[in-house]
Each structure stands twice: as C-alpha cells, then as structure tokens.
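J.: Provided herewith is a single structure, encoded as structure tokens, for subsequent inquiry.
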Protein chains: 2
Amino acid sequence: MAGSMLASAGAGAQGTTQGRGPTGQYANLKLLVFDTFGTVVDWRTSLIEDLTAYGATRGVTADWPAFADEWRGAYGPSMNRVRKGELPWTKLDALHRMSLDTLLTKYNITQLTEPEKVEFNKVWHRGRPWPDSVPGLTRLKTRFTIAPLSNGNISLLTDMAKHSGIPWDCILGAELVRHYKPDPETYMSPVEFFDLTPPEVMMVAAHPPDLQVPKRLGLRTAYVHRPYEGGTGGAGNAQMPAAGSFDFIVKDMKELATALGV
Amino acid sequence: MAGSMLASAGAGAQGTTQGRGPTGQYANLKLLVFDTFGTVVDWRTSLIEDLTAYGATRGVTADWPAFADEWRGAYGPSMNRVRKGELPWTKLDALHRMSLDTLLTKYNITQLTEPEKVEFNKVWHRGRPWPDSVPGLTRLKTRFTIAPLSNGNISLLTDMAKHSGIPWDCILGAELVRHYKPDPETYMSPVEFFDLTPPEVMMVAAHPPDLQVPKRLGLRTAYVHRPYEGGTGGAGNAQMPAAGSFDFIVKDMKELATALGV
C-alpha cells in the first residue's frame, strides 16, 4: 500500500512527490477508472432529496428514504439476471425502470403518466458528487486520463457528469462491452480500449468486491472510504479493508490525488 | 434550411432567438454529434507539423506533406475492408498502423524501433482543432450534449480532446458499435444510447457523404464548410452543397452556435 488514510496530505504519500505525479512502481500509471454510484456520487442523498421534492410538487406522499433504498436494493438482483443470461443485455436505465414499475405499484403511486414515469426514472441521472469528488478528480485529470467504469449506461453517466460538472475525459462502462461488473470483460475494457497493460490502469471504488476482480487481473486498485453511502444510519460500508488489501486506501478523492502526487 | 452562411451572426438565424436555444422545428434538439477529422480538427496541418518536427529531431528527411496525404488516403480503403467483412473489426489506430508500416517501407524510413512506431502512429491522437471549434463547441455545450461521432477509436478521440481541450460530454463513435461510417448502425447509435428520436439528434460534418445516411434516417444535419481541409491547394471540399441540402449550412462552429440560438 503506497498511500493510506494515515498519510499526511500535505507531505505526499510514500513513493510520490507532490505535484510531480507518482514515482516508483506507480510511475507508469496512465488511466484511472472509477466506480460511480457511492464512490463518486452520493446517490442516496440525491435520490431522497429529488424524490421528496418531486412528491411535494405532485402531492405524492411516500416514505421516500425507504423507496430509495428499495429501488437501489433491486439493482443487484436485476443486474444479475442479465449477468446469468436470464435477460438479454438490458441497460441500467431499463433495469431501473422495471424496478420502478414494481415499486410504484407497491407504494400505490398510480397517477403517473408514461412520460412522467420516464422522467421519474431519470432521477438517477442527477446523482450529485460527494464534496471532495470534483476537486479531487479535477486534480487527478491534470496527470491521468479519468473515466467512470460504472454499470450505469452511457447516457446516465453523461447526463450526471453534465449536471454536476464531473470532469470525465470519456465515458467507459458496462454498456460499451455489454457486461456488468464484476464480469472481467468490464474491468479489462479500459485496458483494451486504451492499448495499455493492466498495471497502467487503476480501478477506484468504495466497495471491496468491486476491486477484487481487477486486482486479480493485474490492474492497480484504490479503495475510497464512503461510510455514509447508506446514510448516517447505514453500516454497510463502514468497515475499512485490511491494510495492504489494495494499492491505495484513502478517505476521499483529494487524498487519492495527493497519494498520486498531483 | 434554418440557418445559413448568409445569416447575420449577431442577429441569430431564422427560427432561433440568440441565447435561448433553437425554436420551432428544432426546439426538441438535444444531442449534437460531430465528425471529427476535417470537421473539428485540422488533421492535415497538425500531421505535417508534427511529422516535420519529429523528422527534424530524429534526422529523418521525407516529403512530409506527401506522407501525410498518402497516410490519410489509405484510411478509406483500409476502413472499407472492415466494412465489407474482409477484415474483422479493427480499430482505426490499428488501420493507421498497417498503413504506416507500408509507408515507412515506401519512404525507406527503416530506423524506427517498435516502440517508436507505436509512438509515431499516435500523431493522429494530437490533431488540433480549427480556431473556431473549441469556442463554438463550448457555446453549444451550454445547451446541448455534444459528442464526436467519428471513425476514430475511443482512445484516439479521448487523447485528442485532452490534448486540445475539446469539451466533449462523452465519446461516441464507430468503435462503440463496431461499424464504420457510413454504416447506418453508427449514425443510429447516438439515438439508441440516449433513448432519443432521430430528430432530437443532429449530425454535424464537413463532408456531404457523411450527412446523407443520417439525413435518410431522420436525424438533423448540419454542414460545416472546411475548404482548407486538404490544404490551401486542395479543392476537395471547396464546393458548397446546394441550399436546402441540409438543415443548416454554416461556415464554422461559432456560426452553428449562433444558428442554434446559443
């Protein structure tokens, strides 16, 4: 582990020189790819705020935090239906919509027209970054090519970046190879698109399971601690991975930039 | 034709109100996709300058303008081998490299190592924009989602944007659908990725053949006049298309922004 939460941000982490990029075994790092939901954006707070505002405007009452959590909860199982071949390739917007239809019935929200449902589903396109994300990514972009490597579809990620000023150099992700993470095809796609070797690419994520396959494939890995992804009451991401589990373990994107000497 | 070269830039073109976006039949326009080589970047000047500088550094003498033109000339035939199924999907970098190997032999440039050839081939990644491109695209981006729709591969387009500050919202193009323009699959891909209807998308290009298929498919089309793409001695693009051939006929990206009311 070259950098850690214990590294002093001002001094730069081991193996780096502030402002000069990484040195040593990380000197050839060229492309950083990021999980997006939870790692770059605080999807839960965004979703709850947007749904609450929407409900107030339309006179729809619901337990919106519960609604948001159930909607997110449906994502894994629906995506796994694609990964297992039970469904043909289906973009995340369409999976979200299938889950939304089930939830609207469950919550007895019956007054929405089809265009309103299409619009409702786009709440995911407006996920807002954690406060450190844009400043950290802006620094990282000066030295590296930066891109999402998300299960979100291209339009979702593009709209989100445009909405929140996330400065991606390009949009990568599951839709380009029609494989959802953690399929290895998705993690190898940045290597192949950019004609790089695995150690020239680093996967950045807040969820250890999202780093295990790229680590096995030889990519670099960085864990970003996001203990409040599930809300202040959530405990899902509160546990830090063991020291040495990944190349870098940091508390936010600014610390990652410092650890990489930018 | 809603806007034309004859429109006064200051007054805004027919059907638009300066600063308020397009109105009338273009009010629902959401996504602008751009041919890149020739339309956004002056590939020929960039290539000749970079090759000349490279030659001077390495002590390699050649007729670099002729070399550049021959290299570009090989692009169409090599791409058509993929379009016709004679070659499996091959990204543009690899087609450029195949042509480069032939040219290096023809020009008797024999001293390059393999890593030097890889680097030489990346001269295409550094194509520089026409002077109006970045200012015009920056204005267009305030109102529309903007993306290249090029036969160039993702890494080529990403590197070029990063090198020259081209403010794309995302990178689209042939590699995402493994079809080279003018295959209809490539032109329909922005419609499908963004869940839009064809008239909500506009193809922008300096080459009329690059606008014919999208026009037939129902996309909007804008022609940008680039008479010097082939050099000041070139005549290939000097002819203006007939009035009414496309939705917009403009002389540069700033005029396109004005025509679209931004």
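We label chains A, B, ... in the order they appear in the structure tokens, count residues from 1 in each chain, and number ligands from 1 in the order shown.
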Would you give me, as a list in words, the residues of chain B that come within 9 Å of chain A, using only C-alpha atoms?

T.: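 On the chain B side, the interface is Thr145, Asn153, Ile154, Ser155, Leu156, Leu157, Thr158, Asp159, Ala161, Lys162, Pro167, Trp168, Asp169, Cys170, Ile171, Leu172, Leu176, Val177, Phe193, Phe194 and Asp195 of chain B.
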
J.: Kindly provide the residues of stretch 158-233 of chain A that approach stretch 57-78 of chain A to within 12 Å, each paired with its closest atom pair and their distance in Å to one decimal, based on only C-alpha atoms, listed by chain and increasing number, as JSON lines.

T.:
{"residue": "A:Tyr180", "atom": "CA", "partner": "A:Gly76", "partner_atom": "CA", "distance": 10.2}
{"residue": "A:Lys181", "atom": "CA", "partner": "A:Gly76", "partner_atom": "CA", "distance": 10.4}
{"residue": "A:Pro182", "atom": "CA", "partner": "A:Gly76", "partner_atom": "CA", "distance": 11.1}
{"residue": "A:Glu229", "atom": "CA", "partner": "A:Asp69", "partner_atom": "CA", "distance": 11.0}
{"residue": "A:Gly230", "atom": "CA", "partner": "A:Asp69", "partner_atom": "CA", "distance": 8.3}
{"residue": "A:Gly231", "atom": "CA", "partner": "A:Pro65", "partner_atom": "CA", "distance": 9.4}
{"residue": "A:Gly233", "atom": "CA", "partner": "A:Pro65", "partner_atom": "CA", "distance": 11.7}

J.: Run DSSP on the backbone and grab whatever in stretch 67-230 of chain B lands in strand (DSSP E); send it over as a ChimeraX atom specification.

T.: /B:145-150,172-173,201-205,220-224

J.: Please measure the separation of atom CA of A:Arg97 and atom CA of A:Tyr187, giving the value in Å to one decimal.

T.: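 Going from atom CA of A:Arg97 over to atom CA of A:Tyr187 covers 25.5 Å.
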
J.: Have a look at atom CA of A:Asp252 and atom CA of B:His163 and let me know their distance in Å, one decimal.

T.: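 Between atom CA of A:Asp252 and atom CA of B:His163 the gap is 27.2 Å.
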
J.: At a cut-off of 12 Å, using only C-alpha atoms, what residues contact A:Gln239? Leave out same-chain residues fewer than 6 positions from it and give the result as a ChimeraX atom specification.

T.: /A:206-208,223-228

J.: Could the residues in this selection be saved with N, CA and C atoms as a PDB file, in the first residue's frame?

T.:
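And here is the file that came out, part-v9.pdb:
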ATOM      1  N   ALA A 206     -15.434   2.315  -3.878  1.00  0.00           N
ATOM      2  CA  ALA A 206     -15.724   2.338  -2.441  1.00  0.00           C
ATOM      3  C   ALA A 206     -16.148   0.975  -1.923  1.00  0.00           C
ATOM      4  N   HIS A 207     -16.250  -0.004  -2.827  1.00  0.00           N
ATOM      5  CA  HIS A 207     -16.767  -1.323  -2.442  1.00  0.00           C
ATOM      6  C   HIS A 207     -15.708  -2.387  -2.734  1.00  0.00           C
ATOM      7  N   PRO A 208     -15.160  -3.020  -1.697  1.00  0.00           N
ATOM      8  CA  PRO A 208     -14.114  -4.018  -1.930  1.00  0.00           C
ATOM      9  C   PRO A 208     -14.465  -5.065  -2.991  1.00  0.00           C
ATOM     10  N   TYR A 223      -9.011   1.910  -2.927  1.00  0.00           N
ATOM     11  CA  TYR A 223     -10.259   1.899  -2.156  1.00  0.00           C
ATOM     12  C   TYR A 223     -10.495   3.292  -1.568  1.00  0.00           C
ATOM     13  N   VAL A 224     -11.694   3.807  -1.756  1.00  0.00           N
ATOM     14  CA  VAL A 224     -12.083   5.103  -1.179  1.00  0.00           C
ATOM     15  C   VAL A 224     -13.161   4.840  -0.136  1.00  0.00           C
ATOM     16  N   HIS A 225     -12.950   5.334   1.059  1.00  0.00           N
ATOM     17  CA  HIS A 225     -13.859   5.042   2.166  1.00  0.00           C
ATOM     18  C   HIS A 225     -15.076   5.965   2.102  1.00  0.00           C
ATOM     19  N   ARG A 226     -16.255   5.384   1.976  1.00  0.00           N
ATOM     20  CA  ARG A 226     -17.502   6.159   1.919  1.00  0.00           C
ATOM     21  C   ARG A 226     -18.476   5.594   2.942  1.00  0.00           C
ATOM     22  N   PRO A 227     -18.228   5.849   4.229  1.00  0.00           N
ATOM     23  CA  PRO A 227     -19.037   5.189   5.262  1.00  0.00           C
ATOM     24  C   PRO A 227     -20.496   5.620   5.261  1.00  0.00           C
ATOM     25  N   TYR A 228     -20.799   6.759   4.648  1.00  0.00           N
ATOM     26  CA  TYR A 228     -22.186   7.253   4.705  1.00  0.00           C
ATOM     27  C   TYR A 228     -22.966   7.008   3.428  1.00  0.00           C
TER      28      TYR A 228
END

J.: Between atom CA of A:Gly21 and atom CA of A:Gly261, what is the spacing in Å?

T.: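 These atoms are spaced 4.3 Å apart.
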
J.: Give me, as JSON, numbers by chain, the residues of stretch 5-250 of chain A that a backbone DSSP run labels alpha helix (DSSP H).

T.: {"A": [43, 44, 45, 46, 47, 48, 49, 50, 51, 52, 53, 54, 55, 56, 57, 58, 64, 65, 66, 67, 68, 69, 70, 71, 72, 73, 75, 76, 77, 78, 79, 80, 81, 82, 83, 92, 93, 94, 95, 96, 97, 98, 99, 100, 101, 102, 103, 104, 105, 106, 114, 115, 116, 117, 118, 119, 120, 121, 133, 134, 135, 136, 137, 138, 139, 140, 141, 154, 155, 156, 157, 158, 159, 160, 161, 162, 163, 164, 174, 175, 176, 177, 184, 185, 186, 187, 188, 189, 190, 191, 192, 193, 209, 210, 211, 212, 213, 214, 215, 216, 217]}
